[in-house]
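Working notes for the structure below.
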Amino acid sequence: MSLYIGREASKVFGVIVVEESLCGDIDGDSAACRKLEIYSRRTHFSVYVLLQQYIHGLAARGVHYLHRPGPLLQDVGFFLLPELGPDKAYISETVFTFIFISFVLWTFHPFIFKNKRIYTVLVWCRVLAFLVASQFLRIITFYSTQLPGPNYHCREGSKLARLPHPDNMLEVLLINFPRGVLYGCGDLIFSSHMIFSLVFVRTYQKYGSNSLITVCVQRLIKQLGWLVAVMQSCLIIASRKHYTVDIVVAWYTVNLVVFFVEKSLPEMPDQTTGMLSLLPLSMKGKDGKMKEENQKLLNGTTGDAPDRRQRTQINGKVMENGHADGVLMNGA
């Protein structure tokens, strides 16, 4: 069993490497080639994304030092949705984990089912661009105004509600991972969980397709994705992890970010034609010419225009247009 898993994993890794290095073998004038060169072969993009994730975690840790616990603010969501309690706070995290894992599995499904409908590298680069832009706006908002945290560990009387001043800079830079991430306070507007959930659902809404299932089933899955995102929003409020304003701002901010960032990015390659759009123009021209010649051979014609002039045979000689120019008819 372990040998089989290792063999399949090596195949998946090989396909990813081929996809990332595809531009090295095709014409640089191709639009799809330029996309792969921008997103796949430039490693500094991935480094920048990882750095941005660290900066986001560092900012969330820093705002915890500024957090001051206080009474809960009046909130419509708290009034409408019953409180789940600290013992059921895991429900929202379970739903978020389900969304995250489902999206990851979908993006890598072409390597498992040999169904090349999307380019995993390009999809993830777009997703990371959406996340970076949304998290940058999130840092600005929760540093602009610090609200008293509604979560149980952020309320008055909790030892985790306020952080003591750090003894050195290293304590801040290490951000106390993962405890500092799980028990943070002050980074409220807007919800980071909803950033990931909405980006994943919206990306699948646009690029999600599979030839193995019908169009009706695909549409149903996309609608279920939005329904799960709404359920996630309600569970976050019911768990008192965020105020309702944090969720509402996330819904319109993330969608606007995705809309404007996507307009600035090049179009994805055609999902149905896939590799055809990545072929060099010269190769596609040769293929088209060969197909045309084969079609002519099948139709019983050649590449030259047919000669439809009448020919008459006189004494073993073929005469054109029925005229014997300069030739005697009776063998003279």
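Identifiers in this document derive from the order of the structure tokens: chains are assigned A, B, ..., residues are numbered from 1 separately in each chain, and ligands are numbered from 1 in order of occurrence.
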Would you give me, as CSV, each residue of segment 87-164 of chain A having an atom within 12 Å of an atom of segment 257-263 of chain A, along with its shortest atom pair and that distance in Å to one decimal, using only C-alpha atoms and sorting by chain and residue number?
```
residue,atom,partner,partner_atom,distance
A:Val123,CA,A:Glu262,CA,11.4
A:Cys125,CA,A:Glu262,CA,11.2
A:Arg126,CA,A:Glu262,CA,7.7
A:Val127,CA,A:Val258,CA,8.9
A:Leu128,CA,A:Val258,CA,10.8
A:Ala129,CA,A:Val261,CA,7.7
A:Phe130,CA,A:Val258,CA,5.8
A:Leu131,CA,A:Val258,CA,8.9
A:Val132,CA,A:Val257,CA,10.0
A:Ala133,CA,A:Val257,CA,7.0
A:Ser134,CA,A:Val257,CA,6.6
A:Gln135,CA,A:Val257,CA,10.3
A:Phe136,CA,A:Val257,CA,10.8
A:Leu137,CA,A:Val257,CA,9.4
A:Arg138,CA,A:Val257,CA,11.5
```
Problem set entry | segment 150-163 of chain A environment, 6 Å, only C-alpha atoms, sequence neighbours closer than 3 positions dropped, as a list in words |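 The residues satisfying every condition are Tyr65, Pro69, Gly70, Cys185, Arg240 and Lys241 of chain A.
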Given the selection you just returned, output its residues as a file containing N, CA, C and O atoms, formatted as a short mmCIF file (atom, residue, chain, number, x, y, z; two decimals), in the first residue's frame.
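Writing the result to again.cif gives the following:
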```
data_model
loop_
_atom_site.label_atom_id
_atom_site.label_comp_id
_atom_site.auth_asym_id
_atom_site.auth_seq_id
_atom_site.Cartn_x
_atom_site.Cartn_y
_atom_site.Cartn_z
N TYR A 65 -1.79 43.37 21.84
CA TYR A 65 -1.19 44.18 22.90
C TYR A 65 -1.99 45.45 23.15
O TYR A 65 -1.95 46.01 24.26
N PRO A 69 -10.25 44.84 27.06
CA PRO A 69 -11.56 44.19 27.19
C PRO A 69 -12.61 45.16 27.75
O PRO A 69 -12.29 46.10 28.48
N GLY A 70 -13.84 44.90 27.38
CA GLY A 70 -14.93 45.75 27.83
C GLY A 70 -16.24 45.02 27.67
O GLY A 70 -16.30 43.87 27.23
N CYS A 185 -6.92 38.49 20.19
CA CYS A 185 -8.01 39.44 20.47
C CYS A 185 -7.71 40.76 19.77
O CYS A 185 -6.55 41.13 19.59
N ARG A 240 -19.85 33.77 18.99
CA ARG A 240 -19.38 35.04 19.56
C ARG A 240 -17.90 35.27 19.29
O ARG A 240 -17.18 35.85 20.12
N LYS A 241 -17.44 34.82 18.13
CA LYS A 241 -16.05 35.06 17.75
C LYS A 241 -15.88 36.40 17.06
O LYS A 241 -14.77 36.96 17.04
#
```
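Our summary of the geometry notes that atom CA of Pro148 of chain A is positioned 7.0 Å from atom CA of His67 of chain A.
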For this session: Would you work out the distance separating atom CA of Phe78 of chain A from atom CA of Gln232 of chain A, expressed in Å to one decimal?
Result: 15.0 Å
Each residue of segment 187-257 of chain A lying at most 8 Å from segment 84-91 of chain A should get a row with its shortest atom-to-atom pair and the distance in Å to one decimal, counting only C-alpha atoms; could you produce that, ordered by chain and increasing number, as CSV?
```
residue,atom,partner,partner_atom,distance
A:Leu235,CA,A:Ile91,CA,7.4
A:Ala238,CA,A:Leu84,CA,5.7
A:Ser239,CA,A:Leu84,CA,5.4
```
Problem set entry | Spatial neighbours of segment 165-169 of chain A, max dist 12 Å, only C-alpha atoms, sep filter under 5 positions, as a ChimeraX atom specification | /A:58,61-62,64-67,174-176
Write the residues of the preceding selection, restricted to N, CA and C atoms, as a short mmCIF file (atom, residue, chain, number, x, y, z; two decimals), in the first residue's frame.
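Saved the output as result18.cif:
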```
data_model
loop_
_atom_site.label_atom_id
_atom_site.label_comp_id
_atom_site.auth_asym_id
_atom_site.auth_seq_id
_atom_site.Cartn_x
_atom_site.Cartn_y
_atom_site.Cartn_z
N LEU A 58 1.75 38.70 12.34
CA LEU A 58 2.45 39.63 13.22
C LEU A 58 1.58 40.83 13.58
N ARG A 61 -0.99 39.75 16.09
CA ARG A 61 -0.37 39.63 17.40
C ARG A 61 -0.13 41.00 18.02
N GLY A 62 0.27 41.96 17.19
CA GLY A 62 0.53 43.30 17.71
C GLY A 62 -0.71 43.99 18.21
N HIS A 64 -3.17 42.65 19.56
CA HIS A 64 -3.58 42.04 20.84
C HIS A 64 -2.97 42.80 22.01
N TYR A 65 -1.79 43.37 21.84
CA TYR A 65 -1.19 44.18 22.90
C TYR A 65 -1.99 45.45 23.15
N LEU A 66 -2.71 45.92 22.12
CA LEU A 66 -3.50 47.14 22.25
C LEU A 66 -4.92 46.87 22.71
N HIS A 67 -5.31 45.61 22.75
CA HIS A 67 -6.69 45.28 23.08
C HIS A 67 -7.03 45.59 24.53
N LEU A 174 8.10 36.13 17.10
CA LEU A 174 7.73 34.72 17.05
C LEU A 174 6.23 34.52 17.12
N ILE A 175 5.47 35.55 17.49
CA ILE A 175 4.00 35.62 17.54
C ILE A 175 3.37 34.46 18.32
N ASN A 176 4.16 33.76 19.13
CA ASN A 176 3.64 32.70 19.99
C ASN A 176 2.77 31.71 19.21
#
```
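What separates atom CA of Val47 of chain A from atom CA of Leu173 of chain A is a distance of 17.8 Å.
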